[in-house]
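Undergrad: The structure file model-v1.csv (CSV, C-alpha atoms) is provided below.
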```
chain,number,residue,atom,x,y,z
A,4,MET,CA,-3.4,18.4,-19.4
A,5,ALA,CA,-5.2,17.7,-22.7
A,6,HIS,CA,-8.9,18.7,-22.5
A,7,GLU,CA,-10.3,15.2,-23.0
A,8,HIS,CA,-7.9,13.8,-20.4
A,9,SER,CA,-9.0,16.4,-17.8
A,10,GLU,CA,-12.7,15.8,-18.6
A,11,ASP,CA,-12.2,12.1,-17.7
A,12,VAL,CA,-10.3,13.0,-14.5
A,13,LEU,CA,-13.1,15.4,-13.5
A,14,ARG,CA,-15.8,12.9,-14.2
A,15,ARG,CA,-14.0,10.4,-12.0
A,16,LEU,CA,-13.5,12.9,-9.2
A,17,LYS,CA,-17.2,13.8,-9.2
A,18,SER,CA,-18.1,10.1,-9.0
A,19,ILE,CA,-15.7,9.7,-6.1
A,20,GLU,CA,-17.3,12.7,-4.4
A,21,GLY,CA,-20.7,11.0,-4.7
A,22,HIS,CA,-19.2,7.8,-3.4
A,23,VAL,CA,-17.9,9.6,-0.3
A,24,ARG,CA,-21.4,11.1,0.3
A,25,GLY,CA,-22.8,7.5,0.0
A,26,VAL,CA,-20.4,6.4,2.7
A,27,GLN,CA,-21.6,9.2,4.9
A,28,ARG,CA,-25.2,7.9,4.5
A,29,MET,CA,-24.0,4.4,5.4
A,30,VAL,CA,-22.5,5.7,8.6
A,31,GLU,CA,-25.7,7.7,9.4
A,32,GLU,CA,-27.8,4.6,8.8
A,33,ASP,CA,-25.4,2.6,11.0
A,34,VAL,CA,-24.5,0.1,8.3
A,35,TYR,CA,-22.3,-2.8,9.3
A,36,CYS,CA,-18.7,-1.5,9.8
A,37,ILE,CA,-17.0,-4.0,7.5
A,38,ASP,CA,-19.3,-2.9,4.6
A,39,VAL,CA,-18.4,0.7,5.2
A,40,VAL,CA,-14.7,-0.1,5.3
A,41,ASN,CA,-15.0,-2.1,2.0
A,42,GLN,CA,-16.6,1.0,0.4
A,43,ILE,CA,-13.7,3.1,1.6
A,44,VAL,CA,-11.3,0.7,0.1
A,45,ALA,CA,-13.2,1.0,-3.2
A,46,ILE,CA,-12.9,4.8,-3.0
A,47,GLN,CA,-9.1,4.5,-2.4
A,48,ARG,CA,-8.8,2.3,-5.5
A,49,ALA,CA,-10.8,4.9,-7.6
A,50,LEU,CA,-8.4,7.6,-6.3
A,51,LYS,CA,-5.4,5.5,-7.2
A,52,LYS,CA,-6.8,5.1,-10.7
A,53,VAL,CA,-7.1,8.9,-11.0
A,54,SER,CA,-3.5,9.3,-9.8
A,55,GLY,CA,-2.4,6.8,-12.5
A,56,ILE,CA,-4.2,8.8,-15.2
A,57,LEU,CA,-2.7,12.1,-14.0
A,58,LEU,CA,0.8,10.5,-13.9
A,59,ASP,CA,0.4,9.1,-17.4
A,60,GLY,CA,-0.5,12.6,-18.7
A,61,HIS,CA,2.4,14.1,-16.7
A,62,LEU,CA,4.9,11.6,-18.1
A,63,HIS,CA,3.8,12.3,-21.7
A,64,SER,CA,3.9,16.0,-21.3
A,65,CYS,CA,6.0,17.7,-18.5
A,66,VAL,CA,8.4,14.8,-18.0
A,67,THR,CA,9.0,14.2,-21.7
A,68,ASP,CA,9.4,17.9,-22.4
A,69,ALA,CA,11.8,18.4,-19.5
A,70,LEU,CA,13.9,15.3,-20.4
A,71,ARG,CA,14.1,16.3,-24.0
A,72,GLY,CA,15.0,19.9,-23.2
A,73,PRO,CA,18.5,21.3,-22.5
A,74,ASP,CA,17.9,22.4,-18.8
A,75,THR,CA,19.7,19.8,-16.5
A,76,ALA,CA,18.1,21.3,-13.4
A,77,ALA,CA,14.6,21.0,-14.9
A,78,ARG,CA,15.3,17.3,-15.7
A,79,GLU,CA,16.5,16.6,-12.2
A,80,GLN,CA,13.4,18.2,-10.8
A,81,VAL,CA,10.9,16.1,-12.8
A,82,LEU,CA,12.8,12.9,-12.0
A,83,GLY,CA,13.0,13.8,-8.3
A,84,GLU,CA,9.3,14.5,-8.2
A,85,LEU,CA,8.5,11.1,-9.8
A,86,ILE,CA,10.6,9.3,-7.1
A,87,GLU,CA,8.8,11.1,-4.4
A,88,VAL,CA,5.4,10.3,-5.8
A,89,PHE,CA,6.4,6.6,-6.1
A,90,GLU,CA,7.7,6.5,-2.5
A,91,ALA,CA,4.5,8.3,-1.2
A,92,SER,CA,2.2,6.0,-3.2
A,93,GLY,CA,2.9,3.0,-1.0
A,94,LYS,CA,2.7,4.9,2.2
A,95,VAL,CA,-1.1,5.4,2.3
B,175,MET,CA,-21.3,2.4,16.4
B,176,ALA,CA,-21.2,4.7,19.5
B,177,HIS,CA,-22.8,8.1,18.7
B,178,GLU,CA,-19.7,10.1,19.5
B,179,HIS,CA,-17.6,7.8,17.4
B,180,SER,CA,-19.9,8.1,14.4
B,181,GLU,CA,-19.9,11.9,14.7
B,182,ASP,CA,-16.1,11.9,14.4
B,183,VAL,CA,-16.3,9.6,11.3
B,184,LEU,CA,-19.0,11.8,9.7
B,185,ARG,CA,-17.0,14.9,10.3
B,186,ARG,CA,-13.9,13.4,8.7
B,187,LEU,CA,-15.9,12.1,5.7
B,188,LYS,CA,-17.4,15.6,5.1
B,189,SER,CA,-13.9,17.1,5.2
B,190,ILE,CA,-12.8,14.4,2.7
B,191,GLU,CA,-15.7,15.3,0.5
B,192,GLY,CA,-14.6,18.9,0.5
B,193,HIS,CA,-11.0,17.8,-0.2
B,194,VAL,CA,-12.2,15.9,-3.3
B,195,ARG,CA,-14.1,19.0,-4.5
B,196,GLY,CA,-10.9,21.0,-3.9
B,197,VAL,CA,-9.0,18.6,-6.2
B,198,GLN,CA,-11.7,19.0,-8.8
B,199,ARG,CA,-11.0,22.8,-8.8
B,200,MET,CA,-7.2,22.1,-9.1
B,201,VAL,CA,-7.9,20.0,-12.2
B,202,GLU,CA,-10.2,22.7,-13.7
B,203,GLU,CA,-7.6,25.4,-13.0
B,204,ASP,CA,-4.9,23.1,-14.6
B,205,VAL,CA,-2.7,23.0,-11.5
B,206,TYR,CA,0.6,21.2,-11.9
B,207,CYS,CA,-0.1,17.4,-12.0
B,208,ILE,CA,2.3,16.4,-9.2
B,209,ASP,CA,0.6,18.9,-6.8
B,210,VAL,CA,-2.8,17.3,-7.7
B,211,VAL,CA,-1.4,13.8,-7.2
B,212,ASN,CA,0.0,14.8,-3.8
B,213,GLN,CA,-3.5,16.0,-2.7
B,214,ILE,CA,-4.9,12.7,-3.8
B,215,VAL,CA,-2.4,10.9,-1.7
B,216,ALA,CA,-3.5,13.1,1.2
B,217,ILE,CA,-7.1,12.1,0.7
B,218,GLN,CA,-6.2,8.4,0.6
B,219,ARG,CA,-4.4,8.9,3.9
B,220,ALA,CA,-7.5,10.6,5.4
B,221,LEU,CA,-9.6,7.7,4.2
B,222,LYS,CA,-7.2,5.2,5.7
B,223,LYS,CA,-7.5,7.0,9.0
B,224,VAL,CA,-11.3,6.7,8.8
B,225,SER,CA,-11.0,3.0,8.1
B,226,GLY,CA,-8.8,2.7,11.2
B,227,ILE,CA,-11.4,4.4,13.4
B,228,LEU,CA,-14.1,2.2,12.0
B,229,LEU,CA,-12.1,-0.9,12.6
B,230,ASP,CA,-11.2,0.1,16.1
B,231,GLY,CA,-14.9,0.5,16.8
B,232,HIS,CA,-15.7,-2.8,15.1
B,233,LEU,CA,-13.1,-4.7,17.1
B,234,HIS,CA,-14.4,-3.3,20.4
B,235,SER,CA,-18.1,-4.0,19.5
B,236,CYS,CA,-19.0,-6.7,17.0
B,237,VAL,CA,-15.7,-8.6,17.1
B,238,THR,CA,-15.5,-8.7,20.9
B,239,ASP,CA,-19.2,-9.6,21.2
B,240,ALA,CA,-18.9,-12.4,18.6
B,241,LEU,CA,-15.7,-13.9,20.1
B,242,ARG,CA,-17.1,-13.8,23.7
B,243,GLY,CA,-20.4,-15.3,22.5
B,244,PRO,CA,-21.2,-19.0,22.1
B,245,ASP,CA,-21.7,-19.1,18.3
B,246,THR,CA,-18.7,-20.6,16.6
B,247,ALA,CA,-19.9,-19.7,13.1
B,248,ALA,CA,-20.3,-16.1,14.1
B,249,ARG,CA,-16.8,-16.1,15.5
B,250,GLU,CA,-15.4,-17.5,12.3
B,251,GLN,CA,-17.3,-14.9,10.3
B,252,VAL,CA,-15.9,-11.9,12.1
B,253,LEU,CA,-12.3,-13.3,12.0
B,254,GLY,CA,-12.6,-14.1,8.3
B,255,GLU,CA,-13.9,-10.6,7.6
B,256,LEU,CA,-10.9,-9.1,9.5
B,257,ILE,CA,-8.4,-11.1,7.4
B,258,GLU,CA,-10.2,-10.0,4.2
B,259,VAL,CA,-10.0,-6.3,5.2
B,260,PHE,CA,-6.3,-6.7,6.1
B,261,GLU,CA,-5.6,-8.3,2.7
B,262,ALA,CA,-7.6,-5.7,0.8
B,263,SER,CA,-6.0,-2.8,2.8
B,264,GLY,CA,-2.6,-3.3,1.0
B,265,LYS,CA,-4.1,-3.7,-2.4
B,266,VAL,CA,-5.2,-0.2,-3.1
C,86,MET,CA,1.2,-21.3,16.5
C,87,ALA,CA,0.0,-24.8,15.4
C,88,HIS,CA,2.8,-27.0,14.1
C,89,GLU,CA,1.4,-27.4,10.6
C,90,HIS,CA,0.7,-23.7,10.4
C,91,SER,CA,4.3,-22.8,11.3
C,92,GLU,CA,5.7,-25.4,8.8
C,93,ASP,CA,3.8,-23.6,6.0
C,94,VAL,CA,5.1,-20.2,7.1
C,95,LEU,CA,8.6,-21.5,7.3
C,96,ARG,CA,8.4,-23.1,3.9
C,97,ARG,CA,7.2,-19.8,2.4
C,98,LEU,CA,9.9,-17.8,4.2
C,99,LYS,CA,12.6,-20.1,2.8
C,100,SER,CA,11.1,-19.6,-0.7
C,101,ILE,CA,11.2,-15.9,-0.1
C,102,GLU,CA,14.9,-16.1,1.0
C,103,GLY,CA,15.7,-17.9,-2.3
C,104,HIS,CA,13.7,-15.3,-4.2
C,105,VAL,CA,15.8,-12.5,-2.6
C,106,ARG,CA,19.0,-14.3,-3.6
C,107,GLY,CA,17.6,-14.6,-7.1
C,108,VAL,CA,17.2,-10.9,-7.2
C,109,GLN,CA,20.8,-10.4,-6.1
C,110,ARG,CA,21.9,-12.5,-9.1
C,111,MET,CA,19.7,-10.3,-11.4
C,112,VAL,CA,21.4,-7.2,-10.1
C,113,GLU,CA,24.9,-8.8,-10.5
C,114,GLU,CA,24.1,-9.8,-14.0
C,115,ASP,CA,22.8,-6.3,-14.7
C,116,VAL,CA,19.3,-7.4,-15.7
C,117,TYR,CA,16.9,-4.6,-16.9
C,118,CYS,CA,15.8,-2.5,-13.8
C,119,ILE,CA,12.1,-2.9,-14.4
C,120,ASP,CA,12.3,-6.7,-14.4
C,121,VAL,CA,14.2,-6.5,-11.1
C,122,VAL,CA,11.6,-4.1,-9.6
C,123,ASN,CA,8.8,-6.5,-10.7
C,124,GLN,CA,10.5,-9.4,-8.9
C,125,ILE,CA,10.8,-7.2,-5.7
C,126,VAL,CA,7.1,-6.5,-6.0
C,127,ALA,CA,6.5,-10.3,-6.2
C,128,ILE,CA,8.6,-10.8,-3.0
C,129,GLN,CA,6.6,-8.1,-1.2
C,130,ARG,CA,3.4,-9.9,-2.2
C,131,ALA,CA,4.7,-13.2,-0.9
C,132,LEU,CA,5.6,-11.5,2.4
C,133,LYS,CA,2.1,-10.0,2.6
C,134,LYS,CA,0.7,-13.5,2.2
C,135,VAL,CA,2.9,-14.7,5.1
C,136,SER,CA,1.6,-11.8,7.3
C,137,GLY,CA,-2.0,-12.8,6.4
C,138,ILE,CA,-1.4,-16.4,7.5
C,139,LEU,CA,0.3,-15.3,10.7
C,140,LEU,CA,-2.5,-12.9,11.5
C,141,ASP,CA,-5.1,-15.6,10.8
C,142,GLY,CA,-3.4,-17.9,13.3
C,143,HIS,CA,-3.1,-15.0,15.8
C,144,LEU,CA,-6.8,-14.1,15.5
C,145,HIS,CA,-7.8,-17.7,16.1
C,146,SER,CA,-5.4,-18.2,19.1
C,147,CYS,CA,-4.2,-15.2,21.1
C,148,VAL,CA,-6.9,-12.8,20.1
C,149,THR,CA,-9.8,-15.2,20.6
C,150,ASP,CA,-8.3,-16.4,24.0
C,151,ALA,CA,-7.8,-12.8,25.2
C,152,LEU,CA,-11.2,-11.6,24.1
C,153,ARG,CA,-12.9,-14.7,25.7
C,154,GLY,CA,-10.9,-14.2,28.9
C,155,PRO,CA,-11.7,-12.0,31.9
C,156,ASP,CA,-8.7,-9.7,31.7
C,157,THR,CA,-9.8,-6.3,30.3
C,158,ALA,CA,-6.3,-5.0,29.9
C,159,ALA,CA,-5.3,-8.1,27.9
C,160,ARG,CA,-8.3,-7.6,25.6
C,161,GLU,CA,-7.3,-3.9,25.0
C,162,GLN,CA,-3.8,-5.0,24.3
C,163,VAL,CA,-4.6,-7.5,21.5
C,164,LEU,CA,-7.1,-5.1,19.9
C,165,GLY,CA,-4.6,-2.2,20.0
C,166,GLU,CA,-2.0,-4.4,18.4
C,167,LEU,CA,-4.4,-5.3,15.6
C,168,ILE,CA,-5.1,-1.7,14.8
C,169,GLU,CA,-1.4,-0.9,14.8
C,170,VAL,CA,-0.7,-3.8,12.4
C,171,PHE,CA,-3.6,-2.6,10.1
C,172,GLU,CA,-2.2,0.9,10.1
C,173,ALA,CA,1.3,-0.2,9.4
C,174,SER,CA,0.2,-2.6,6.7
C,175,GLY,CA,-0.6,0.2,4.3
C,176,LYS,CA,2.5,2.2,5.0
C,177,VAL,CA,5.0,0.0,3.3
D,299,MET,CA,23.4,0.4,-13.5
D,300,ALA,CA,26.4,2.4,-12.3
D,301,HIS,CA,28.8,0.1,-10.3
D,302,GLU,CA,28.6,2.1,-7.0
D,303,HIS,CA,24.8,2.1,-7.3
D,304,SER,CA,24.6,-1.7,-7.8
D,305,GLU,CA,27.0,-2.3,-4.9
D,306,ASP,CA,24.5,-0.4,-2.6
D,307,VAL,CA,21.6,-2.4,-3.9
D,308,LEU,CA,23.4,-5.7,-3.5
D,309,ARG,CA,24.4,-4.8,0.1
D,310,ARG,CA,20.8,-4.0,0.9
D,311,LEU,CA,19.5,-7.2,-0.7
D,312,LYS,CA,22.0,-9.3,1.4
D,313,SER,CA,20.8,-7.5,4.5
D,314,ILE,CA,17.2,-8.3,3.6
D,315,GLU,CA,18.1,-11.9,3.0
D,316,GLY,CA,19.6,-12.0,6.5
D,317,HIS,CA,16.5,-10.3,7.9
D,318,VAL,CA,14.3,-13.0,6.2
D,319,ARG,CA,16.4,-15.7,7.9
D,320,GLY,CA,16.0,-13.9,11.2
D,321,VAL,CA,12.2,-14.1,10.8
D,322,GLN,CA,12.5,-17.8,10.1
D,323,ARG,CA,14.3,-18.2,13.4
D,324,MET,CA,11.5,-16.2,15.1
D,325,VAL,CA,8.9,-18.6,13.7
D,326,GLU,CA,10.9,-21.6,14.8
D,327,GLU,CA,11.3,-20.2,18.3
D,328,ASP,CA,7.6,-19.5,18.3
D,329,VAL,CA,8.0,-15.7,18.9
D,330,TYR,CA,4.8,-13.7,19.4
D,331,CYS,CA,3.0,-13.4,16.1
D,332,ILE,CA,2.6,-9.6,16.2
D,333,ASP,CA,6.4,-9.2,16.6
D,334,VAL,CA,7.0,-11.5,13.6
D,335,VAL,CA,4.5,-9.5,11.5
D,336,ASN,CA,6.2,-6.3,12.5
D,337,GLN,CA,9.5,-7.7,11.3
D,338,ILE,CA,7.9,-8.7,8.0
D,339,VAL,CA,6.6,-5.1,7.6
D,340,ALA,CA,10.2,-3.9,8.2
D,341,ILE,CA,11.4,-6.2,5.4
D,342,GLN,CA,8.7,-4.9,3.0
D,343,ARG,CA,9.9,-1.4,3.8
D,344,ALA,CA,13.5,-2.3,3.1
D,345,LEU,CA,12.4,-3.8,-0.3
D,346,LYS,CA,10.5,-0.7,-1.1
D,347,LYS,CA,13.6,1.3,-0.5
D,348,VAL,CA,15.6,-0.9,-2.9
D,349,SER,CA,12.8,-0.4,-5.6
D,350,GLY,CA,13.1,3.3,-5.1
D,351,ILE,CA,16.9,3.2,-5.6
D,352,LEU,CA,16.5,1.0,-8.7
D,353,LEU,CA,13.8,3.3,-10.2
D,354,ASP,CA,16.0,6.4,-9.5
D,355,GLY,CA,18.8,4.8,-11.5
D,356,HIS,CA,16.4,3.7,-14.2
D,357,LEU,CA,14.9,7.2,-14.5
D,358,HIS,CA,18.4,8.7,-14.8
D,359,SER,CA,19.6,6.2,-17.4
D,360,CYS,CA,17.2,4.2,-19.5
D,361,VAL,CA,14.2,6.6,-19.2
D,362,THR,CA,16.3,9.7,-19.9
D,363,ASP,CA,18.1,8.1,-22.8
D,364,ALA,CA,14.8,6.8,-24.4
D,365,LEU,CA,13.0,10.1,-23.9
D,366,ARG,CA,15.9,12.1,-25.4
D,367,GLY,CA,16.3,9.7,-28.3
D,368,PRO,CA,14.4,9.7,-31.6
D,369,ASP,CA,12.6,6.4,-31.2
D,370,THR,CA,8.9,7.1,-30.4
D,371,ALA,CA,8.1,3.5,-29.7
D,372,ALA,CA,11.0,3.2,-27.2
D,373,ARG,CA,9.7,6.3,-25.4
D,374,GLU,CA,6.2,4.9,-25.2
D,375,GLN,CA,7.7,1.7,-23.8
D,376,VAL,CA,9.6,3.2,-20.9
D,377,LEU,CA,6.7,5.4,-20.0
D,378,GLY,CA,4.2,2.5,-20.1
D,379,GLU,CA,6.6,0.5,-17.9
D,380,LEU,CA,6.7,3.3,-15.3
D,381,ILE,CA,2.9,3.5,-15.1
D,382,GLU,CA,2.7,-0.2,-14.6
D,383,VAL,CA,5.3,-0.1,-11.8
D,384,PHE,CA,3.4,2.8,-10.2
D,385,GLU,CA,0.2,0.8,-10.3
D,386,ALA,CA,1.7,-2.4,-9.1
D,387,SER,CA,3.5,-0.6,-6.2
D,388,GLY,CA,0.3,0.1,-4.3
D,389,LYS,CA,-1.1,-3.4,-4.9
D,390,VAL,CA,1.2,-5.3,-2.6
```
Re-express the file's structure as structure tokens.

TA:
Amino acid sequence: MAHEHSEDVLRRLKSIEGHVRGVQRMVEEDVYCIDVVNQIVAIQRALKKVSGILLDGHLHSCVTDALRGPDTAAREQVLGELIEVFEASGKV
Amino acid sequence: MAHEHSEDVLRRLKSIEGHVRGVQRMVEEDVYCIDVVNQIVAIQRALKKVSGILLDGHLHSCVTDALRGPDTAAREQVLGELIEVFEASGKV
Amino acid sequence: MAHEHSEDVLRRLKSIEGHVRGVQRMVEEDVYCIDVVNQIVAIQRALKKVSGILLDGHLHSCVTDALRGPDTAAREQVLGELIEVFEASGKV
Amino acid sequence: MAHEHSEDVLRRLKSIEGHVRGVQRMVEEDVYCIDVVNQIVAIQRALKKVSGILLDGHLHSCVTDALRGPDTAAREQVLGELIEVFEASGKV
């Protein structure tokens, strides 16, 4: 992953970690359930955004390299992984 | 939320926080993107489980109390919130 | 379900049926895959909307009746079903 | 799309169309809401499967051709479309 790219992903993951700690405090302080659930949905969205950034980088590096390369098995592997990620993405 | 209930939720959130830190290390160590994305999907699933536990508690406490109570506006509010949570749950 | 309510749901389902037939034609005419996939996503959203309307009616009728009633087992059943629907809703 | 491939997709879409009609009958016959919602979830899953098959074909044809070709803009376009589909896939 390009350095700049990975800095952005790390920054987002640190923010998500803080968000998870914030939700722990909400639970400790017995905040109204629906408000806690809405914060969890916000964290899930932030994670989805990180996945999107990672996949974008992956498509522009590994996938492009493999598909432009001569190795048929390597091509099949990157394409199979993409389909698996797509299928898993809905099943959260 | 019942004390036992909230202990379980907190324990899960702490584990999720550790999981997020683990993904940060994976990014720092430049682990293969697809493996990172799969860990993020696992975290999203763990968060969804926490939402389910919170909603279960919410249904058995606030929602049951409101619907059994005399206040029509309070009933409408808890039902409206449930619909919103359901609609948001798919849009992650 | 209230009559008016069920008319709205039926009208939406007929429109979804037509949309599915439209996607069949797209496939027969060999339309660009991504455009077909985007139409499928639109159909999934329309179905989600129908689920939301059905759940809204369900909460205001069966769930409210059961929770206001004296039968503890009936209450547990409607709440358990709601949790299951919530959990399944994300796993599409 | 390869002929065999598109036959499979069409067969699935016709089955989904029949499933949608079945749900209409359930609504007309005033079947229990939760059972209707569960059938809608089953249809959404079947649609997701069709999207997966279409994407698999797309990756092996258009995406592979574009990425192996000399046209940088065409490459960017197929990759951008994939990211959009991935992002939309969760927001149903």

Undergrad: Write out as a PyMOL selection string which residues come within 12 Å of Cys65 (chain A) when counting all atoms listed in the file, dropping same-chain ones fewer than 6 positions away.

TA: (chain A and resi 4-5+57-59+71-72+77-78+80-82+84-85) or (chain B and resi 206-208) or (chain D and resi 365)

Undergrad: Write out as a list in words every residue belonging to chain B that has an atom at most 9 Å from any atom of chain C, counting only C-alpha atoms.

TA: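 Taken together, these residues fit the definition: Lys222, Lys223, Gly226, Ile227, Leu229, Asp230, Leu233, His234, Val237, Thr238, Asp239, Leu241, Arg242, Gly243, Arg249, Glu250, Leu253, Gly254, Leu256, Ile257, Glu258, Val259, Phe260, Glu261, Ser263, Gly264, Lys265 and Val266 of chain B.
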
Undergrad: Quick check, in Å to one decimal: how far apart do CA of Val334 (chain D) and CA of Gly107 (chain C) lie?

TA: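 Going from CA of Val334 (chain D) over to CA of Gly107 (chain C), I get 23.5 Å.
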
Undergrad: As an mmCIF file with C-alpha atoms, in the coordinates of the input, please: chain D after a least-squares superposition onto chain A using all C-alpha atoms matched in order.

TA:
```cif
data_model
loop_
_atom_site.group_PDB
_atom_site.id
_atom_site.type_symbol
_atom_site.label_atom_id
_atom_site.label_comp_id
_atom_site.auth_asym_id
_atom_site.auth_seq_id
_atom_site.Cartn_x
_atom_site.Cartn_y
_atom_site.Cartn_z
ATOM 1 C CA MET D 299 -3.410 18.498 -19.381
ATOM 2 C CA ALA D 300 -5.143 17.699 -22.667
ATOM 3 C CA HIS D 301 -8.875 18.740 -22.474
ATOM 4 C CA GLU D 302 -10.301 15.204 -23.101
ATOM 5 C CA HIS D 303 -7.939 13.844 -20.437
ATOM 6 C CA SER D 304 -9.029 16.423 -17.812
ATOM 7 C CA GLU D 305 -12.707 15.817 -18.610
ATOM 8 C CA ASP D 306 -12.159 12.072 -17.701
ATOM 9 C CA VAL D 307 -10.411 12.980 -14.505
ATOM 10 C CA LEU D 308 -13.070 15.468 -13.489
ATOM 11 C CA ARG D 309 -15.841 12.896 -14.177
ATOM 12 C CA ARG D 310 -14.050 10.385 -12.003
ATOM 13 C CA LEU D 311 -13.485 12.888 -9.191
ATOM 14 C CA LYS D 312 -17.263 13.781 -9.188
ATOM 15 C CA SER D 313 -18.064 10.091 -9.000
ATOM 16 C CA ILE D 314 -15.714 9.708 -6.043
ATOM 17 C CA GLU D 315 -17.272 12.685 -4.358
ATOM 18 C CA GLY D 316 -20.665 10.997 -4.745
ATOM 19 C CA HIS D 317 -19.216 7.736 -3.431
ATOM 20 C CA VAL D 318 -17.865 9.631 -0.331
ATOM 21 C CA ARG D 319 -21.377 10.996 0.293
ATOM 22 C CA GLY D 320 -22.773 7.500 -0.055
ATOM 23 C CA VAL D 321 -20.421 6.330 2.727
ATOM 24 C CA GLN D 322 -21.610 9.189 4.891
ATOM 25 C CA ARG D 323 -25.152 7.943 4.457
ATOM 26 C CA MET D 324 -23.965 4.419 5.407
ATOM 27 C CA VAL D 325 -22.479 5.763 8.642
ATOM 28 C CA GLU D 326 -25.629 7.677 9.435
ATOM 29 C CA GLU D 327 -27.784 4.619 8.820
ATOM 30 C CA ASP D 328 -25.405 2.669 10.993
ATOM 31 C CA VAL D 329 -24.500 0.105 8.242
ATOM 32 C CA TYR D 330 -22.227 -2.772 9.266
ATOM 33 C CA CYS D 331 -18.726 -1.466 9.768
ATOM 34 C CA ILE D 332 -17.011 -4.021 7.501
ATOM 35 C CA ASP D 333 -19.280 -2.973 4.584
ATOM 36 C CA VAL D 334 -18.418 0.708 5.181
ATOM 37 C CA VAL D 335 -14.681 -0.123 5.245
ATOM 38 C CA ASN D 336 -15.043 -2.057 2.041
ATOM 39 C CA GLN D 337 -16.624 0.968 0.417
ATOM 40 C CA ILE D 338 -13.770 3.152 1.655
ATOM 41 C CA VAL D 339 -11.270 0.687 0.079
ATOM 42 C CA ALA D 340 -13.241 1.028 -3.201
ATOM 43 C CA ILE D 341 -12.861 4.821 -2.998
ATOM 44 C CA GLN D 342 -9.084 4.538 -2.371
ATOM 45 C CA ARG D 343 -8.897 2.351 -5.455
ATOM 46 C CA ALA D 344 -10.800 4.855 -7.544
ATOM 47 C CA LEU D 345 -8.362 7.618 -6.343
ATOM 48 C CA LYS D 346 -5.443 5.482 -7.223
ATOM 49 C CA LYS D 347 -6.802 5.129 -10.686
ATOM 50 C CA VAL D 348 -7.119 8.919 -11.052
ATOM 51 C CA SER D 349 -3.400 9.287 -9.865
ATOM 52 C CA GLY D 350 -2.407 6.810 -12.494
ATOM 53 C CA ILE D 351 -4.238 8.772 -15.232
ATOM 54 C CA LEU D 352 -2.698 12.048 -14.005
ATOM 55 C CA LEU D 353 0.846 10.545 -13.895
ATOM 56 C CA ASP D 354 0.375 9.082 -17.441
ATOM 57 C CA GLY D 355 -0.434 12.564 -18.714
ATOM 58 C CA HIS D 356 2.402 14.074 -16.731
ATOM 59 C CA LEU D 357 4.902 11.520 -18.078
ATOM 60 C CA HIS D 358 3.755 12.246 -21.649
ATOM 61 C CA SER D 359 3.910 16.025 -21.275
ATOM 62 C CA CYS D 360 5.947 17.680 -18.577
ATOM 63 C CA VAL D 361 8.414 14.776 -18.002
ATOM 64 C CA THR D 362 9.001 14.218 -21.724
ATOM 65 C CA ASP D 363 9.402 17.897 -22.441
ATOM 66 C CA ALA D 364 11.878 18.416 -19.484
ATOM 67 C CA LEU D 365 13.893 15.320 -20.341
ATOM 68 C CA ARG D 366 14.148 16.304 -24.032
ATOM 69 C CA GLY D 367 15.011 19.896 -23.207
ATOM 70 C CA PRO D 368 18.446 21.345 -22.431
ATOM 71 C CA ASP D 369 17.822 22.352 -18.842
ATOM 72 C CA THR D 370 19.628 19.861 -16.528
ATOM 73 C CA ALA D 371 18.101 21.260 -13.397
ATOM 74 C CA ALA D 372 14.550 20.946 -14.827
ATOM 75 C CA ARG D 373 15.270 17.300 -15.676
ATOM 76 C CA GLU D 374 16.530 16.580 -12.191
ATOM 77 C CA GLN D 375 13.366 18.208 -10.852
ATOM 78 C CA VAL D 376 10.834 16.112 -12.713
ATOM 79 C CA LEU D 377 12.732 12.965 -11.968
ATOM 80 C CA GLY D 378 13.026 13.778 -8.237
ATOM 81 C CA GLU D 379 9.274 14.500 -8.212
ATOM 82 C CA LEU D 380 8.507 11.072 -9.718
ATOM 83 C CA ILE D 381 10.594 9.251 -7.101
ATOM 84 C CA GLU D 382 8.830 11.093 -4.367
ATOM 85 C CA VAL D 383 5.398 10.209 -5.799
ATOM 86 C CA PHE D 384 6.518 6.573 -6.120
ATOM 87 C CA GLU D 385 7.577 6.547 -2.496
ATOM 88 C CA ALA D 386 4.556 8.309 -1.193
ATOM 89 C CA SER D 387 2.203 5.989 -3.185
ATOM 90 C CA GLY D 388 2.940 2.960 -1.035
ATOM 91 C CA LYS D 389 2.723 4.929 2.228
ATOM 92 C CA VAL D 390 -1.003 5.483 2.274
#
```

Undergrad: Between CA of Ser91 (chain C) and CA of Ala131 (chain C), what is the distance, to one decimal in Å?

TA: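 A separation of 15.5 Å between them.
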
Undergrad: Within 8 Å of (20.2, -6.5, -5.9) (coordinates as in the file), grab all the protein and nucleic acid residues, counting all atoms listed in the file, and write them out as a VMD selection string.

TA: (chain C and resid 108 to 113 121) or (chain D and resid 304 307 to 311 348)

Undergrad: Keeping only C-alpha atoms, take the residues you just selected and write them out as a compact mmCIF listing (two decimals), in the frame of the given file.

TA:
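Wrote out09.txt, looks like this:
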```
# COMPACT_ATOMS: atom_id res chain seq x y z
CA VAL C 108 17.20 -10.90 -7.20
CA GLN C 109 20.80 -10.40 -6.10
CA ARG C 110 21.90 -12.50 -9.10
CA MET C 111 19.70 -10.30 -11.40
CA VAL C 112 21.40 -7.20 -10.10
CA GLU C 113 24.90 -8.80 -10.50
CA VAL C 121 14.20 -6.50 -11.10
CA SER D 304 24.60 -1.70 -7.80
CA VAL D 307 21.60 -2.40 -3.90
CA LEU D 308 23.40 -5.70 -3.50
CA ARG D 309 24.40 -4.80 0.10
CA ARG D 310 20.80 -4.00 0.90
CA LEU D 311 19.50 -7.20 -0.70
CA VAL D 348 15.60 -0.90 -2.90
```
